[in-house]
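Quick look at work_27.tsv (TSV, C-alpha atoms):
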```tsv
chain	number	residue	atom	x	y	z
A	251	MET	CA	18.07	-10.49	3.00
A	252	ARG	CA	18.07	-14.23	2.47
A	253	ALA	CA	21.64	-14.44	3.77
A	254	LEU	CA	20.62	-12.59	6.94
A	255	GLN	CA	17.65	-14.90	7.43
A	256	LEU	CA	19.89	-17.95	7.06
A	257	GLU	CA	22.41	-16.49	9.50
A	258	LEU	CA	19.68	-15.86	12.09
A	259	GLU	CA	17.98	-19.22	11.59
A	260	GLY	CA	17.64	-21.08	14.87
A	261	THR	CA	18.40	-18.01	17.01
A	262	GLY	CA	14.81	-16.89	17.58
A	263	VAL	CA	15.57	-13.62	15.80
A	264	ARG	CA	13.60	-12.97	12.63
A	265	ALA	CA	14.39	-10.59	9.76
A	266	THR	CA	11.50	-9.06	7.85
A	267	ILE	CA	11.37	-6.68	4.91
A	268	ILE	CA	8.55	-4.14	5.22
A	269	GLN	CA	7.94	-2.66	1.80
A	270	PRO	CA	5.55	0.30	1.94
A	271	GLY	CA	4.01	1.85	-1.13
A	272	GLN	CA	3.50	5.57	-1.53
A	273	THR	CA	3.22	6.99	1.97
A	274	LEU	CA	2.12	10.42	3.12
A	275	THR	CA	5.15	11.74	4.99
A	276	GLU	CA	7.17	14.92	5.09
A	277	MET	CA	9.58	13.53	2.50
A	278	GLY	CA	9.66	15.87	-0.45
A	279	THR	CA	7.94	18.77	1.27
A	280	ASP	CA	10.98	20.92	0.54
A	281	TRP	CA	11.06	19.98	-3.16
A	282	GLY	CA	10.08	22.50	-5.76
A	283	PRO	CA	7.14	21.89	-8.09
A	284	ASP	CA	9.40	20.65	-10.91
A	285	ALA	CA	11.17	18.07	-8.73
A	286	THR	CA	7.85	16.88	-7.30
A	287	ALA	CA	6.35	16.51	-10.78
A	288	THR	CA	9.43	14.58	-11.95
A	289	VAL	CA	9.33	12.16	-9.00
A	290	LEU	CA	5.57	11.58	-9.27
A	291	GLY	CA	5.94	11.07	-13.02
A	292	GLU	CA	8.57	8.40	-12.41
A	293	TRP	CA	6.34	6.70	-9.83
A	294	VAL	CA	3.55	6.52	-12.41
A	295	ARG	CA	5.94	5.36	-15.13
A	296	PHE	CA	7.21	2.46	-13.03
A	297	GLY	CA	3.77	1.53	-11.67
A	298	ALA	CA	4.48	2.68	-8.11
A	299	ALA	CA	1.66	5.25	-8.20
A	300	ARG	CA	-1.49	3.95	-9.82
A	301	HIS	CA	-3.85	6.37	-8.10
A	302	SER	CA	-3.80	9.42	-5.85
A	303	HIS	CA	-4.20	7.70	-2.47
A	304	PHE	CA	-1.22	7.52	-0.11
A	305	LEU	CA	-0.68	5.34	2.96
A	306	ARG	CA	-0.83	7.05	6.32
A	307	PRO	CA	2.15	6.41	8.62
A	308	PRO	CA	0.00	4.41	11.11
A	309	ALA	CA	-0.68	1.85	8.36
A	310	VAL	CA	3.06	1.27	7.93
A	311	ALA	CA	3.49	1.14	11.71
A	312	ALA	CA	0.77	-1.53	11.88
A	313	ALA	CA	2.79	-3.67	9.45
A	314	VAL	CA	5.83	-3.35	11.72
A	315	VAL	CA	3.72	-4.34	14.73
A	316	ALA	CA	2.40	-7.34	12.79
A	317	ALA	CA	5.95	-8.45	12.01
A	318	VAL	CA	7.25	-8.20	15.57
A	319	THR	CA	4.16	-9.65	17.26
A	320	THR	CA	3.84	-12.68	15.01
A	321	PRO	CA	3.82	-15.74	17.29
A	322	PRO	CA	7.01	-17.76	17.73
A	323	GLY	CA	7.35	-20.40	15.06
A	324	THR	CA	5.88	-18.05	12.45
A	325	HIS	CA	7.92	-15.86	10.15
A	326	LEU	CA	6.80	-13.09	7.83
A	327	PRO	CA	9.79	-12.58	5.52
A	328	LEU	CA	8.11	-9.86	3.45
A	329	ILE	CA	5.22	-7.54	4.16
A	330	GLU	CA	4.16	-5.31	1.30
A	331	VAL	CA	1.79	-2.50	2.28
A	332	GLN	CA	0.02	-0.61	-0.49
A	333	PRO	CA	-2.55	2.17	-0.36
A	334	GLU	CA	-6.02	1.10	-1.34
A	335	ALA	CA	-7.37	2.70	-4.48
A	336	PRO	CA	-10.21	5.17	-4.02
A	337	VAL	CA	-13.66	3.63	-4.29
A	338	VAL	CA	-15.29	4.64	-7.54
A	339	LEU	CA	-19.05	4.41	-7.59
A	340	ASP	CA	-20.33	3.24	-10.92
A	341	GLU	CA	-23.61	5.13	-11.29
A	342	HIS	CA	-24.76	2.83	-14.10
A	343	LEU	CA	-24.19	-0.24	-11.92
A	344	HIS	CA	-26.01	1.46	-9.03
A	345	ASP	CA	-28.99	2.34	-11.27
A	346	THR	CA	-29.17	-1.24	-12.62
A	347	GLN	CA	-29.12	-2.73	-9.12
A	348	ASN	CA	-31.76	-0.25	-7.98
A	349	GLU	CA	-34.05	-1.23	-10.87
A	350	ARG	CA	-33.75	-4.91	-9.90
A	351	THR	CA	-34.51	-4.33	-6.22
A	352	THR	CA	-37.31	-1.78	-6.65
A	353	GLY	CA	-38.76	-2.92	-9.92
A	354	GLY	CA	-37.57	0.31	-11.52
A	355	THR	CA	-39.61	2.57	-9.22
A	356	ALA	CA	-36.85	4.46	-7.45
```

Could you take the file, read its structure, and then write that structure out as structure tokens?
Amino acid sequence: MRALQLELEGTGVRATIIQPGQTLTEMGTDWGPDATATVLGEWVRFGAARHSHFLRPPAVAAAVVAAVTTPPGTHLPLIEVQPEAPVVLDEHLHDTQNERTTGGTA
């Protein structure tokens, strides 16, 4: 990629790598359960899947739009897009905060 960027330098053409994380697409929909389990196991093993959330295709498309609409004079050589982990509500934390704000009379 670096060689391509150097070759394009001064031409007004920019090269960007868009690196999406796990994305919800039709890829793998024709895999059997064993193949799916193997692939997901490898994703977990290599740290590519840390939780069950997947990117939606519009999120990846937004990264592409960001790359091509960046103002002249600005270059985004790498955009990594990862799914956000699910929000986990810590009930103990919530109860503690509630006690502080209500004086324990919730």

Next item on the list: Enter the distance from CA of Thr320 in chain A to CA of Gln332 in chain A, in Å, rounded to one decimal.
Entry: 20.0 Å

Using all atoms listed in the file, which protein or nucleic acid residues come within 12 Å of His301 in chain A? Drop anything in the same chain fewer than 2 positions from it, and give the result as a PDB file with C-alpha atoms, keeping the file's coordinate frame.
```
ATOM      1  CA  GLY A 271       4.010   1.850  -1.130  1.00  0.00           C
ATOM      2  CA  GLN A 272       3.500   5.570  -1.530  1.00  0.00           C
ATOM      3  CA  LEU A 290       5.570  11.580  -9.270  1.00  0.00           C
ATOM      4  CA  GLY A 291       5.940  11.070 -13.020  1.00  0.00           C
ATOM      5  CA  TRP A 293       6.340   6.700  -9.830  1.00  0.00           C
ATOM      6  CA  VAL A 294       3.550   6.520 -12.410  1.00  0.00           C
ATOM      7  CA  GLY A 297       3.770   1.530 -11.670  1.00  0.00           C
ATOM      8  CA  ALA A 298       4.480   2.680  -8.110  1.00  0.00           C
ATOM      9  CA  ALA A 299       1.660   5.250  -8.200  1.00  0.00           C
ATOM     10  CA  HIS A 303      -4.200   7.700  -2.470  1.00  0.00           C
ATOM     11  CA  PHE A 304      -1.220   7.520  -0.110  1.00  0.00           C
ATOM     12  CA  LEU A 305      -0.680   5.340   2.960  1.00  0.00           C
ATOM     13  CA  GLN A 332       0.020  -0.610  -0.490  1.00  0.00           C
ATOM     14  CA  PRO A 333      -2.550   2.170  -0.360  1.00  0.00           C
ATOM     15  CA  GLU A 334      -6.020   1.100  -1.340  1.00  0.00           C
ATOM     16  CA  ALA A 335      -7.370   2.700  -4.480  1.00  0.00           C
ATOM     17  CA  PRO A 336     -10.210   5.170  -4.020  1.00  0.00           C
ATOM     18  CA  VAL A 337     -13.660   3.630  -4.290  1.00  0.00           C
ATOM     19  CA  VAL A 338     -15.290   4.640  -7.540  1.00  0.00           C
TER      20      VAL A 338
END
```

Margin query: I want to know what sits within 12 Å of Thr266 in chain A, based on only C-alpha atoms, with residues of the same chain fewer than 3 positions away left out; could you give that as a list in words?
Written below: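 Using only C-alpha atoms, the neighbours found are Met251, Arg252, Leu254, Gln255, Leu258, Val263, Gln269, Ala313, Val314, Val315, Ala316, Ala317, Val318, Thr319, Thr320, Thr324, His325, Leu326, Pro327, Leu328, Ile329 and Glu330 of chain A.
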
Note to self: Excluding Gly278 in chain A and its own-chain neighbours fewer than 5 positions away, which residues fall within 12 Å of it when counting all atoms listed in the file? Please give them as a ChimeraX atom specification.
What the structure shows: /A:273,283-290

Check: What gap, in Å, lies between CA of Leu339 in chain A and CA of Arg300 in chain A?
Finding: 17.7 Å

Next item on the list: Point out the residue among A:Pro322, A:Arg306, A:Asp340, A:Ala312 with the least atom-to-atom distance to Ile268 in chain A, counting all atoms listed in the file.
Entry: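 Among A:Pro322, A:Arg306, A:Asp340, A:Ala312, it is A:Ala312 that comes nearest to Ile268 in chain A.
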
Checklist line | Atomic distance CA of Leu274 in chain A - CA of Glu292 in chain A, expressed in Å with one decimal | finding: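 Taking CA of Leu274 in chain A and CA of Glu292 in chain A, their separation equals 16.9 Å.
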